[in-house]
file target-v2.tsv (TSV, C-alpha atoms)
chain	number	residue	atom	x	y	z
V	1	SER	CA	-17.87	-11.50	6.04
V	2	GLN	CA	-18.24	-9.32	9.11
V	3	GLN	CA	-17.33	-6.24	7.12
V	4	GLY	CA	-19.26	-3.18	8.13
V	5	GLU	CA	-21.37	-1.61	5.44
V	6	GLU	CA	-22.24	2.02	5.97
V	7	ASP	CA	-25.34	3.76	4.73
V	8	PRO	CA	-25.74	6.27	3.20
V	9	GLN	CA	-22.57	6.42	1.11
V	10	ALA	CA	-22.76	10.22	1.14
V	11	LEU	CA	-24.61	12.73	3.28
V	12	SER	CA	-24.81	16.51	2.93
V	13	ILE	CA	-26.30	18.67	5.67
V	14	GLN	CA	-26.27	22.23	6.96
V	15	GLU	CA	-24.30	23.27	9.98
V	16	GLY	CA	-26.35	22.79	13.14
V	17	GLU	CA	-28.32	19.84	11.79
V	18	ASN	CA	-27.94	16.30	13.05
V	19	ALA	CA	-26.26	13.60	10.96
V	20	THR	CA	-27.12	9.93	11.22
V	21	MET	CA	-25.06	7.16	9.67
V	22	ASN	CA	-25.92	3.49	9.75
V	23	CYS	CA	-23.81	0.37	9.69
V	24	SER	CA	-24.74	-3.26	9.10
V	25	TYR	CA	-22.61	-6.35	9.51
V	26	LYS	CA	-23.06	-10.07	9.10
V	27	THR	CA	-21.44	-12.11	11.84
V	28	SER	CA	-21.19	-12.01	15.61
V	29	ILE	CA	-18.90	-9.38	17.06
V	30	ASN	CA	-17.07	-8.55	20.27
V	31	ASN	CA	-17.40	-4.85	19.70
V	32	LEU	CA	-17.96	-2.28	16.98
V	33	GLN	CA	-15.92	0.84	16.51
V	34	TRP	CA	-16.44	4.06	14.59
V	35	TYR	CA	-13.58	6.00	13.04
V	36	ARG	CA	-13.37	9.35	11.26
V	37	GLN	CA	-11.03	10.21	8.41
V	38	ASN	CA	-10.46	13.74	7.26
V	39	SER	CA	-9.39	14.18	3.66
V	40	GLY	CA	-5.83	13.03	3.14
V	41	ARG	CA	-5.33	12.03	6.76
V	42	GLY	CA	-5.23	8.91	8.87
V	43	LEU	CA	-8.20	7.52	10.75
V	44	VAL	CA	-9.15	8.76	14.21
V	45	HIS	CA	-10.97	6.54	16.68
V	46	LEU	CA	-14.29	8.03	17.79
V	47	ILE	CA	-16.09	5.52	19.92
V	48	LEU	CA	-16.27	1.82	20.77
V	49	ILE	CA	-19.43	-0.01	21.75
V	50	ARG	CA	-19.32	-3.53	23.13
V	51	SER	CA	-21.66	-6.29	22.11
V	52	ASN	CA	-23.45	-6.17	25.49
V	53	GLU	CA	-24.08	-2.43	25.23
V	54	ARG	CA	-27.03	-0.82	23.46
V	55	GLU	CA	-26.11	2.84	23.48
V	56	LYS	CA	-23.08	4.96	24.18
V	57	HIS	CA	-22.42	8.70	24.22
V	58	SER	CA	-19.30	10.78	23.76
V	59	GLY	CA	-19.76	14.53	23.51
V	60	ARG	CA	-21.92	15.19	20.45
V	61	LEU	CA	-21.73	11.56	19.36
V	62	ARG	CA	-24.30	8.90	20.12
V	63	VAL	CA	-23.83	5.32	19.00
V	64	THR	CA	-26.41	2.57	19.18
V	65	LEU	CA	-25.95	-1.14	18.64
V	66	ASP	CA	-28.62	-3.72	17.91
V	67	THR	CA	-26.97	-7.15	17.83
V	68	SER	CA	-30.24	-8.86	16.93
V	69	LYS	CA	-30.38	-6.83	13.72
V	70	LYS	CA	-26.58	-6.72	13.35
V	71	SER	CA	-26.69	-2.98	12.95
V	72	SER	CA	-25.30	0.17	14.50
V	73	SER	CA	-25.90	3.87	14.05
V	74	LEU	CA	-23.78	6.94	14.66
V	75	LEU	CA	-25.54	10.22	15.41
V	76	ILE	CA	-23.66	13.50	15.36
V	77	THR	CA	-25.72	16.28	16.92
V	78	ALA	CA	-25.42	19.98	16.13
V	79	SER	CA	-22.97	19.33	13.32
V	80	ARG	CA	-20.14	21.71	12.48
V	81	ALA	CA	-18.19	22.32	9.30
V	82	ALA	CA	-15.24	20.62	11.02
V	83	ASP	CA	-17.25	17.37	11.13
V	84	THR	CA	-16.86	17.10	7.36
V	85	ALA	CA	-15.08	13.78	6.89
V	86	SER	CA	-15.58	10.13	6.03
V	87	TYR	CA	-16.94	7.94	8.80
V	88	PHE	CA	-16.23	4.22	8.99
V	89	CYS	CA	-17.69	1.53	11.16
V	90	ALA	CA	-15.46	-1.41	12.00
V	91	PRO	CA	-16.90	-4.54	13.57
V	92	ARG	CA	-14.37	-6.52	15.57
V	93	GLY	CA	-14.75	-10.26	15.70
V	94	SER	CA	-13.13	-12.89	17.85
V	95	GLN	CA	-9.93	-13.00	15.79
V	96	GLY	CA	-9.25	-9.40	16.75
V	97	ASN	CA	-9.09	-7.69	13.39
V	98	LEU	CA	-11.18	-4.70	12.38
V	99	ILE	CA	-13.00	-4.98	9.07
V	100	PHE	CA	-13.79	-1.55	7.65
V	101	GLY	CA	-16.58	-0.75	5.24
V	102	LYS	CA	-16.48	1.84	2.48
V	103	GLY	CA	-17.58	4.62	4.80
V	104	THR	CA	-20.08	7.44	4.74
V	105	LYS	CA	-18.83	10.70	3.32
V	106	LEU	CA	-20.31	13.53	5.38
V	107	SER	CA	-20.33	17.11	4.14
V	108	VAL	CA	-21.42	19.83	6.54
V	109	LYS	CA	-22.07	23.15	4.83
V	110	PRO	CA	-21.57	26.36	6.81
A	1	GLU	CA	2.56	11.96	23.29
A	2	ALA	CA	3.78	11.52	19.73
A	3	GLY	CA	1.45	9.72	17.38
A	4	VAL	CA	2.21	7.05	14.81
A	5	VAL	CA	4.85	8.34	12.43
A	6	GLN	CA	5.05	7.27	8.81
A	7	SER	CA	7.44	8.17	6.06
A	8	PRO	CA	7.54	9.13	3.36
A	9	ARG	CA	4.19	10.90	3.12
A	10	TYR	CA	4.17	10.73	-0.66
A	11	LYS	CA	6.01	8.56	-3.12
A	12	ILE	CA	5.92	8.47	-6.90
A	13	ILE	CA	7.68	5.63	-8.68
A	14	GLU	CA	7.63	3.91	-12.02
A	15	LYS	CA	6.18	0.44	-12.30
A	16	LYS	CA	8.56	-2.44	-11.65
A	17	GLN	CA	10.57	-0.30	-9.23
A	18	PRO	CA	10.86	-1.25	-5.55
A	19	VAL	CA	9.43	0.94	-2.79
A	20	ALA	CA	9.54	0.86	0.99
A	21	PHE	CA	7.42	2.48	3.67
A	22	TRP	CA	8.45	3.03	7.26
A	23	CYS	CA	6.34	3.19	10.41
A	24	ASN	CA	7.19	4.13	13.98
A	25	PRO	CA	4.33	3.22	16.32
A	26	ILE	CA	3.35	4.99	19.51
A	27	SER	CA	5.84	4.22	22.26
A	28	GLY	CA	4.87	1.10	24.18
A	29	HIS	CA	2.39	-0.16	21.58
A	30	ASN	CA	3.34	-3.74	20.84
A	31	THR	CA	0.66	-4.38	18.20
A	32	LEU	CA	1.29	-2.90	14.77
A	33	TYR	CA	-0.89	-3.02	11.67
A	34	TRP	CA	-0.34	-2.23	8.02
A	35	TYR	CA	-3.42	-1.37	5.97
A	36	LEU	CA	-4.01	-0.63	2.31
A	37	GLN	CA	-6.63	1.96	1.42
A	38	ASN	CA	-7.81	2.39	-2.14
A	39	LEU	CA	-9.61	5.52	-3.22
A	40	GLY	CA	-13.19	5.59	-1.95
A	41	GLN	CA	-12.72	2.44	0.11
A	42	GLY	CA	-12.07	1.63	3.73
A	43	PRO	CA	-8.71	0.34	4.96
A	44	GLU	CA	-7.94	-3.33	4.35
A	45	LEU	CA	-5.59	-5.14	6.69
A	46	LEU	CA	-2.37	-6.40	5.13
A	47	ILE	CA	-0.50	-7.64	8.18
A	48	ARG	CA	-0.67	-7.51	11.96
A	49	TYR	CA	2.31	-7.83	14.30
A	50	GLU	CA	2.35	-8.69	17.96
A	51	ASN	CA	5.82	-7.49	18.97
A	52	GLU	CA	8.12	-8.85	16.24
A	53	GLU	CA	5.86	-11.74	15.26
A	54	ALA	CA	3.53	-11.48	12.27
A	55	VAL	CA	0.38	-13.06	13.69
A	56	ASP	CA	-1.86	-12.40	10.68
A	57	ASP	CA	-0.43	-11.94	7.20
A	58	SER	CA	-3.15	-13.79	5.35
A	59	GLN	CA	-4.04	-10.74	3.22
A	60	LEU	CA	-0.46	-9.82	2.33
A	61	PRO	CA	0.33	-10.58	-1.35
A	62	LYS	CA	3.54	-12.40	-0.61
A	63	ASP	CA	4.74	-12.58	-4.19
A	64	ARG	CA	5.61	-8.89	-4.16
A	65	PHE	CA	4.95	-7.56	-0.67
A	66	SER	CA	7.10	-8.12	2.39
A	67	ALA	CA	7.18	-6.64	5.85
A	68	GLU	CA	9.42	-6.76	8.86
A	69	ARG	CA	9.35	-5.50	12.39
A	70	LEU	CA	12.79	-5.98	13.82
A	71	LYS	CA	13.08	-5.58	17.59
A	72	GLY	CA	9.31	-5.24	17.81
A	73	VAL	CA	9.23	-1.46	17.34
A	74	ASP	CA	9.61	0.14	13.90
A	75	SER	CA	8.28	-1.63	10.84
A	76	THR	CA	8.97	-1.53	7.14
A	77	LEU	CA	6.62	-2.56	4.35
A	78	LYS	CA	8.17	-3.23	0.95
A	79	ILE	CA	6.80	-3.76	-2.52
A	80	GLN	CA	9.04	-5.26	-5.17
A	81	PRO	CA	8.29	-4.85	-7.99
A	82	ALA	CA	5.51	-2.26	-7.83
A	83	GLU	CA	2.57	-2.50	-10.22
A	84	LEU	CA	0.15	0.17	-11.38
A	85	GLY	CA	-2.58	-1.32	-9.19
A	86	ASP	CA	-0.50	-0.74	-6.07
A	87	SER	CA	-1.28	2.97	-6.20
A	88	ALA	CA	-3.06	3.61	-2.92
A	89	VAL	CA	-2.57	4.93	0.58
A	90	TYR	CA	-0.65	2.68	2.95
A	91	LEU	CA	-1.65	3.20	6.56
A	92	CYS	CA	0.13	2.07	9.68
A	93	ALA	CA	-1.65	1.74	13.02
A	94	SER	CA	-0.69	0.61	16.48
A	95	SER	CA	-2.33	-0.38	19.75
A	96	PHE	CA	-1.52	-1.74	23.18
A	97	GLN	CA	-1.74	-5.50	23.17
A	98	GLY	CA	-5.21	-6.51	24.22
A	99	GLN	CA	-6.67	-3.06	23.70
A	100	GLU	CA	-9.11	-2.58	20.90
A	101	THR	CA	-8.54	1.04	19.92
A	102	GLN	CA	-6.13	1.50	17.04
A	103	TYR	CA	-4.14	4.67	16.45
A	104	PHE	CA	-3.42	5.48	12.84
A	105	GLY	CA	-0.59	7.32	11.20
A	106	PRO	CA	-1.16	9.82	8.38
A	107	GLY	CA	-0.37	7.26	5.71
A	108	THR	CA	1.94	7.11	2.70
A	109	ARG	CA	0.30	7.96	-0.60
A	110	LEU	CA	1.88	5.87	-3.36
A	111	LEU	CA	1.52	6.61	-7.04
A	112	VAL	CA	2.88	4.07	-9.49
A	113	LEU	CA	3.32	5.36	-13.05

call {"tool": "encode", "arguments": {"input": "target-v2.tsv", "output": "structure tokens"}}
result
Amino acid sequence: SQQGEEDPQALSIQEGENATMNCSYKTSINNLQWYRQNSGRGLVHLILIRSNEREKHSGRLRVTLDTSKKSSSLLITASRAADTASYFCAPRGSQGNLIFGKGTKLSVKP
Amino acid sequence: EAGVVQSPRYKIIEKKQPVAFWCNPISGHNTLYWYLQNLGQGPELLIRYENEEAVDDSQLPKDRFSAERLKGVDSTLKIQPAELGDSAVYLCASSFQGQETQYFGPGTRLLVL
């Protein structure tokens, strides 16, 4: 399946530190998206990276994509307590559906 | 701009009872998705609509689940009868046709007793 699998499952850091989350998938993709979910809320789209892109930035977020290794990473720099959430990668294949993994649960301690 | 609206936010029912969830997508979004999210898991697609047509319902358990999107705007997801294992969060999302970003509602948290 092209389901994204995030690693680590849980991550705990101090405010101000950087957080890195990894994602692996199995089949070819058109793009890969990252979403954030705060406790008890819906998902919020963070960033989309296309299969012909290697790196993309948005504010404190940096996403990389290595299609040869079928992997992606999400880096959050200078983390804040408000970044505490679950982060999901979602590869998108040719049929158009997103396949979410189990997510990485990030805890940022003040 | 109003986001995706879902109701109710919470629902508690006894097993074997019917339940329905309602979703109003962002205005102008013709693609609508229903997802199921179990605790500690990512969302799993149940059904995807393009306007009023269900273009992918392969993951919808059709023996007890049904969905409709009359007039290609609001959508309703129904479970009849509900089972204990249906306890989960039901998320609705929408997007412009052809655009990849999905916008999610807050979800309906269902508890089946």

call {"tool": "residues_around", "arguments": {"input": "target-v2.tsv", "residues": "A:Glu14", "least_positions_apart": "4", "cutoff": "8 Å", "atoms": "only C-alpha atoms", "output": "MDAnalysis selection string"}}
result
chainID A and resid 82 112:113

call {"tool": "residues_around", "arguments": {"input": "target-v2.tsv", "residues": "V:Ala82", "least_positions_apart": "2", "cutoff": "12 Å", "atoms": "only C-alpha atoms", "output": "list of chain:residue names"}}
result
V:Gln14, V:Glu15, V:Gly16, V:Arg36, V:Gln37, V:Asn38, V:Ser39, V:Ile76, V:Ala78, V:Ser79, V:Arg80, V:Thr84, V:Ala85, V:Ser86, V:Leu106, V:Ser107, V:Val108, V:Lys109, V:Pro110

call {"tool": "residues_around", "arguments": {"input": "target-v2.tsv", "residues": "A:Asp74", "least_positions_apart": "5", "cutoff": "6 Å", "atoms": "only C-alpha atoms", "output": "PyMOL selection string"}}
result
chain A and resi 23-24+69

call {"tool": "write_last_selection", "arguments": {"input": "target-v2.tsv", "atoms": "C-alpha atoms", "output": "CSV table (one decimal), in the coordinates of the input"}}
result
chain,number,residue,atom,x,y,z
A,23,CYS,CA,6.3,3.2,10.4
A,24,ASN,CA,7.2,4.1,14.0
A,69,ARG,CA,9.4,-5.5,12.4

call {"tool": "closest_atom_pairs", "arguments": {"input": "target-v2.tsv", "of": "chain A", "to": "chain V", "cutoff": "12 Å", "atoms": "all atoms listed in the file", "output": "Markdown table"}}
result
| residue | atom | partner | partner_atom | distance |
| --- | --- | --- | --- | --- |
| A:Gly3 | CA | V:Gly42 | CA | 10.8 |
| A:Val4 | CA | V:Gly42 | CA | 9.7 |
| A:Val5 | CA | V:Gly42 | CA | 10.7 |
| A:Gln6 | CA | V:Gly42 | CA | 10.4 |
| A:Arg9 | CA | V:Gly40 | CA | 10.2 |
| A:Tyr10 | CA | V:Gly40 | CA | 10.9 |
| A:Thr31 | CA | V:Gly96 | CA | 11.2 |
| A:Leu32 | CA | V:Asn97 | CA | 11.5 |
| A:Tyr33 | CA | V:Asn97 | CA | 9.6 |
| A:Trp34 | CA | V:Asn97 | CA | 11.6 |
| A:Tyr35 | CA | V:Phe100 | CA | 10.5 |
| A:Leu36 | CA | V:Phe100 | CA | 11.2 |
| A:Gln37 | CA | V:Lys102 | CA | 9.9 |
| A:Asn38 | CA | V:Lys102 | CA | 9.8 |
| A:Leu39 | CA | V:Lys102 | CA | 9.7 |
| A:Gly40 | CA | V:Lys102 | CA | 6.7 |
| A:Gln41 | CA | V:Lys102 | CA | 4.5 |
| A:Gly42 | CA | V:Lys102 | CA | 4.6 |
| A:Pro43 | CA | V:Phe100 | CA | 6.1 |
| A:Glu44 | CA | V:Phe100 | CA | 6.9 |
| A:Leu45 | CA | V:Ile99 | CA | 7.8 |
| A:Leu46 | CA | V:Asn97 | CA | 10.7 |
| A:Ile47 | CA | V:Asn97 | CA | 10.0 |
| A:Arg48 | CA | V:Asn97 | CA | 8.5 |
| A:Tyr49 | CA | V:Asn97 | CA | 11.4 |
| A:Glu50 | CA | V:Gly96 | CA | 11.7 |
| A:Val55 | CA | V:Gln95 | CA | 10.5 |
| A:Asp56 | CA | V:Asn97 | CA | 9.0 |
| A:Asp57 | CA | V:Asn97 | CA | 11.5 |
| A:Ser58 | CA | V:Asn97 | CA | 11.7 |
| A:Gln59 | CA | V:Asn97 | CA | 11.8 |
| A:Ala88 | CA | V:Gly40 | CA | 11.5 |
| A:Val89 | CA | V:Gly40 | CA | 9.1 |
| A:Tyr90 | CA | V:Gly42 | CA | 9.7 |
| A:Leu91 | CA | V:Gly42 | CA | 7.1 |
| A:Cys92 | CA | V:Gly42 | CA | 8.7 |
| A:Ala93 | CA | V:Gly42 | CA | 9.0 |
| A:Ser94 | CA | V:Leu43 | CA | 11.7 |
| A:Ser95 | CA | V:His45 | CA | 11.5 |
| A:Gln97 | CA | V:Gly96 | CA | 10.6 |
| A:Gly98 | CA | V:Gly96 | CA | 9.0 |
| A:Gln99 | CA | V:Gly96 | CA | 9.8 |
| A:Glu100 | CA | V:Gly96 | CA | 8.0 |
| A:Thr101 | CA | V:His45 | CA | 6.8 |
| A:Gln102 | CA | V:His45 | CA | 7.0 |
| A:Tyr103 | CA | V:Val44 | CA | 6.8 |
| A:Phe104 | CA | V:Gly42 | CA | 5.5 |
| A:Gly105 | CA | V:Gly42 | CA | 5.4 |
| A:Pro106 | CA | V:Gly42 | CA | 4.2 |
| A:Gly107 | CA | V:Gly42 | CA | 6.0 |
| A:Thr108 | CA | V:Gly42 | CA | 9.6 |
| A:Arg109 | CA | V:Gly40 | CA | 8.8 |

call {"tool": "atom_distance", "arguments": {"input": "target-v2.tsv", "atom1": "atom CA of V:Ser58", "atom2": "atom CA of V:Glu6"}}
result
20.0 Å

call {"tool": "closest_residue", "arguments": {"input": "target-v2.tsv", "among": "V:Ile29, V:Leu65, V:Ala10, V:Ala19", "to": "V:Ala81", "atoms": "only C-alpha atoms"}}
result
V:Ala19

call {"tool": "atom_distance", "arguments": {"input": "target-v2.tsv", "atom1": "atom CA of V:Ile49", "atom2": "atom CA of V:Thr64"}}
result
7.9 Å

call {"tool": "decode", "arguments": {"input": "target-v2.tsv", "residues": "stretch 23-39 of chain A", "atoms": "N, CA, C and O atoms", "output": "short mmCIF file (atom, residue, chain, number, x, y, z; two decimals), in the first residue's frame"}}
result
data_model
loop_
_atom_site.label_atom_id
_atom_site.label_comp_id
_atom_site.auth_asym_id
_atom_site.auth_seq_id
_atom_site.Cartn_x
_atom_site.Cartn_y
_atom_site.Cartn_z
N CYS A 23 -22.61 16.93 7.25
CA CYS A 23 -21.44 17.72 6.88
C CYS A 23 -21.83 18.79 5.88
O CYS A 23 -22.51 18.50 4.87
N ASN A 24 -21.38 20.00 6.11
CA ASN A 24 -21.54 21.09 5.15
C ASN A 24 -20.15 21.53 4.74
O ASN A 24 -19.39 22.07 5.55
N PRO A 25 -19.77 21.30 3.49
CA PRO A 25 -18.40 21.61 3.06
C PRO A 25 -18.21 23.11 2.86
O PRO A 25 -19.16 23.90 2.92
N ILE A 26 -16.99 23.50 2.61
CA ILE A 26 -16.69 24.89 2.30
C ILE A 26 -17.39 25.25 0.98
O ILE A 26 -17.41 24.45 0.04
N SER A 27 -17.95 26.44 0.95
CA SER A 27 -18.70 26.88 -0.22
C SER A 27 -17.85 26.78 -1.49
O SER A 27 -16.71 27.27 -1.53
N GLY A 28 -18.41 26.12 -2.50
CA GLY A 28 -17.71 26.01 -3.78
C GLY A 28 -16.87 24.75 -3.92
O GLY A 28 -16.41 24.43 -5.02
N HIS A 29 -16.66 24.05 -2.80
CA HIS A 29 -15.89 22.80 -2.87
C HIS A 29 -16.79 21.69 -3.39
O HIS A 29 -17.79 21.34 -2.77
N ASN A 30 -16.44 21.12 -4.53
CA ASN A 30 -17.30 20.09 -5.09
C ASN A 30 -16.84 18.67 -4.74
O ASN A 30 -17.53 17.71 -5.02
N THR A 31 -15.68 18.54 -4.13
CA THR A 31 -15.23 17.22 -3.68
C THR A 31 -15.41 17.12 -2.17
O THR A 31 -14.99 18.01 -1.43
N LEU A 32 -16.04 16.04 -1.74
CA LEU A 32 -16.31 15.84 -0.32
C LEU A 32 -15.89 14.45 0.08
O LEU A 32 -16.08 13.48 -0.67
N TYR A 33 -15.28 14.35 1.25
CA TYR A 33 -14.76 13.08 1.75
C TYR A 33 -15.33 12.80 3.15
O TYR A 33 -15.47 13.71 3.95
N TRP A 34 -15.60 11.53 3.40
CA TRP A 34 -15.87 11.07 4.75
C TRP A 34 -14.75 10.12 5.16
O TRP A 34 -14.39 9.20 4.42
N TYR A 35 -14.21 10.38 6.36
CA TYR A 35 -13.15 9.54 6.91
C TYR A 35 -13.58 8.99 8.27
O TYR A 35 -14.35 9.60 8.99
N LEU A 36 -13.00 7.86 8.60
CA LEU A 36 -13.16 7.26 9.92
C LEU A 36 -11.79 7.31 10.59
O LEU A 36 -10.78 6.97 9.97
N GLN A 37 -11.76 7.78 11.84
CA GLN A 37 -10.50 7.80 12.57
C GLN A 37 -10.66 7.09 13.90
O GLN A 37 -11.38 7.57 14.78
N ASN A 38 -9.97 5.97 14.04
CA ASN A 38 -9.94 5.27 15.31
C ASN A 38 -8.86 5.87 16.20
O ASN A 38 -7.92 6.52 15.72
N LEU A 39 -8.98 5.63 17.48
CA LEU A 39 -8.06 6.19 18.45
C LEU A 39 -6.63 5.77 18.15
O LEU A 39 -6.35 4.58 17.96
#
